[in-house]
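Chemist: Take this structure, written in structure tokens, and hold onto it; I'll ask about it next.
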Amino acid sequence: MLIFVLGGVKCGKSMLSQCASKHLHEKRGGNLYYVATMVPHDDEDRKRVDRHLKDRENWGFETVEEPCYFPQIRDRFTKDDVLLIDSMTAYVQNIMFGDDDIVNGIKMDDIARHVIELSEVSGDVVVVSDYIFSDAIIYETLTERYREWLGRVHIDIARAADVVIECAYSNPKIIKCEAELDLDSIFAHFKTLDSHLSYADI
């Protein structure tokens, strides 16, 4: 199953995705992986990473760091495993602004395909990404190109996903559900948690 969770910054989407991943893992009984894509560049980034580490303490996640090329980690997973990928926002950024032979060979259409391939070799994949398209501001060329790439990736992943959820102000909304999934239980668990509501420091 492929689940796609979208939302604005600090809206609770990562915690919601953790709840979904934990729920799926309890059904499968394999390994539970957190695929971390962010490369911290400053103190704010490091605070965000530390906060996410704290939020998933004792949840049973094994962290796998892969900032820009999912095919490198594909062979690590089995059909009993559940993966939480957080986030596509950082992953696309790393690809667009990275500078090595692997990154330079990746095309926009490859990105969603690499996610879908992970969902084919593992049991369930939950993908997190930021929704950054709601303002009417026109940015400089490079930023607009990044928004174009991320938007295309969102479309491709949402099209392939079994479930798409939008999270706004910690309120999840089902956009698409074409699989048997106990979303009521996942949402109920999510609403008992409040650590994601105190992100003022980052």
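Going by the structure tokens order, chains are called A, B, ..., each with residues numbered from 1, while ligands are numbered from 1 in the order shown.
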DSSP on the backbone, alpha helix (DSSP H) only: what residues of region 18-188 of chain A does that give? Format it as a VMD selection string.

Modeler: chain A and resid 18 to 28 43 to 55 88 to 97 101 to 104 108 to 121 141 to 160 183 to 188

Chemist: Env of Pro71 (chain A): 12 Å cut, atoms = only C-alpha atoms, seq-sep filter 5 positions within chain, self excluded. Answer as a ChimeraX atom specification.

Modeler: /A:66,76-77,102-103,106,110-119,121

Chemist: From the DSSP assignment of the backbone, select every residue of region 99-165 of chain A that is strand (DSSP E or B), and format the answer as JSON, numbers by chain.

Modeler: {"A": [124, 125, 126, 127, 128, 129, 130, 163, 164, 165]}

Chemist: Skipping near chain neighbours, those fewer than 2 positions away, what residues fall within 9 Å of region 159-164 of chain A using only C-alpha atoms, listed as a list in words?

Modeler: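 Contacts, with the query itself left out: Met1, Leu2, Ile3, Phe4, Val5, Leu6, Ala112, Ile116, His154, Ile155, Asp156, Ile157, Glu166, Lys173, Ile174, Ile175, Lys176, Cys177, Glu178, Ala179 and Leu181 of chain A.
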
Chemist: With only C-alpha atoms as the basis for distance, which of A:Lys79, A:Glu62, A:Gln72, A:Ser17 is at the shortest distance from Gly30 (chain A)?

Modeler: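 Of A:Lys79, A:Glu62, A:Gln72, A:Ser17, the one nearest Gly30 (chain A), counting only C-alpha atoms, is A:Lys79.
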
Chemist: With region 134-148 of chain A as the partner and 8 Å as the cut-off, tabulate the residues of region 41-125 of chain A that qualify, each row holding the nearest pair of atoms and their distance in Å to one decimal, using only C-alpha atoms, sorted by chain and rising number, as a Markdown table.

Modeler:
```
| residue | atom | partner | partner_atom | distance |
| --- | --- | --- | --- | --- |
| A:Val92 | CA | A:Tyr146 | CA | 7.8 |
| A:Gln93 | CA | A:Tyr146 | CA | 7.2 |
| A:Met96 | CA | A:Tyr146 | CA | 7.3 |
```

Chemist: What is the distance, in Å and to one decimal place, between CA of Val35 (chain A) and CA of Ile85 (chain A)?

Modeler: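 Answer for the CA of Val35 (chain A) to CA of Ile85 (chain A) separation: 4.7 Å.
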
Chemist: Could you give me, as a list in words, the residues within 9 Å of Ser21 (chain A), counting only C-alpha atoms and dropping anything in the same chain fewer than 4 positions from it?

Modeler: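 In the requested format, the answer is Leu16, Ser17, His25, Glu26, Leu32, Tyr33, Val82, Leu83, Leu84, Asp124, Val125 and Val126 of chain A.
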
Chemist: From the set A:Val128, A:Cys11, A:Leu193, A:Cys68, which residue has the shortest atom-to-atom contact distance to Asp101 (chain A), counting only C-alpha atoms?

Modeler: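 Distance minimum relative to Asp101 (chain A) lands on A:Cys68.
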
Chemist: Write out as a PyMOL selection string the residues lying within 8 Å of Arg28 (chain A), counting only C-alpha atoms and excluding same-chain residues fewer than 5 positions away.

Modeler: chain A and resi 80-82+123

Chemist: I need the chosen residues saved as a short mmCIF file (atom, residue, chain, number, x, y, z; two decimals), in the first residue's frame, with all heavy atoms.

Modeler:
```cif
data_model
loop_
_atom_site.label_atom_id
_atom_site.label_comp_id
_atom_site.auth_asym_id
_atom_site.auth_seq_id
_atom_site.Cartn_x
_atom_site.Cartn_y
_atom_site.Cartn_z
N ASP A 80 7.45 -7.59 4.21
CA ASP A 80 6.91 -7.48 5.57
C ASP A 80 7.20 -6.11 6.19
O ASP A 80 6.73 -5.83 7.29
CB ASP A 80 7.50 -8.56 6.47
CG ASP A 80 7.05 -9.95 6.07
OD1 ASP A 80 5.88 -10.09 5.67
OD2 ASP A 80 7.87 -10.88 6.15
N ASP A 81 7.96 -5.27 5.51
CA ASP A 81 8.43 -4.02 6.09
C ASP A 81 7.50 -2.84 5.78
O ASP A 81 6.82 -2.82 4.75
CB ASP A 81 9.83 -3.68 5.58
CG ASP A 81 10.86 -4.73 5.99
OD1 ASP A 81 10.64 -5.40 7.02
OD2 ASP A 81 11.87 -4.88 5.28
N VAL A 82 7.52 -1.87 6.69
CA VAL A 82 6.80 -0.62 6.49
C VAL A 82 7.81 0.53 6.49
O VAL A 82 8.68 0.60 7.37
CB VAL A 82 5.75 -0.40 7.61
CG1 VAL A 82 5.09 0.97 7.46
CG2 VAL A 82 4.70 -1.50 7.58
N GLY A 123 6.34 -3.73 2.12
CA GLY A 123 4.94 -3.99 2.39
C GLY A 123 4.08 -2.76 2.21
O GLY A 123 3.15 -2.74 1.40
#
```

Chemist: Which value, in Å to one decimal, gives the distance between CA of Ala20 (chain A) and CA of Asp43 (chain A)?

Modeler: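 Computed distance, CA of Ala20 (chain A) to CA of Asp43 (chain A), equals 29.2 Å.
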
Chemist: Can you tell me how far CA of Thr89 (chain A) sits from CA of Glu65 (chain A), in Å to one decimal?

Modeler: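 Separating CA of Thr89 (chain A) from CA of Glu65 (chain A) is a distance of 14.8 Å.
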
Chemist: Using only C-alpha atoms, which of the listed residues (A:Ser185, A:Ser87, A:Ser170, A:Thr78) sits closest to Tyr34 (chain A)?

Modeler: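 Ranking A:Ser185, A:Ser87, A:Ser170, A:Thr78 by distance to Tyr34 (chain A), first place goes to A:Ser87.
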
Chemist: For Gly7 (chain A), find every residue with an atom within 8 Å (counting only C-alpha atoms), except residues of its own chain fewer than 5 positions away, and show them as an MDAnalysis selection string.

Modeler: chainID A and resid 12:13 129:131 166:168

Chemist: Would you output that residue set with C-alpha atoms, as an mmCIF file, in the first residue's frame?

Modeler:
```cif
data_model
loop_
_atom_site.group_PDB
_atom_site.id
_atom_site.type_symbol
_atom_site.label_atom_id
_atom_site.label_comp_id
_atom_site.auth_asym_id
_atom_site.auth_seq_id
_atom_site.Cartn_x
_atom_site.Cartn_y
_atom_site.Cartn_z
ATOM 1 C CA GLY A 12 1.094 17.654 12.066
ATOM 2 C CA LYS A 13 1.632 15.675 8.861
ATOM 3 C CA SER A 129 5.585 16.124 1.651
ATOM 4 C CA ASP A 130 4.967 19.834 2.136
ATOM 5 C CA TYR A 131 2.247 21.703 0.304
ATOM 6 C CA GLU A 166 -4.202 16.302 3.507
ATOM 7 C CA CYS A 167 -3.338 17.552 6.986
ATOM 8 C CA ALA A 168 -4.178 21.175 7.842
#
```
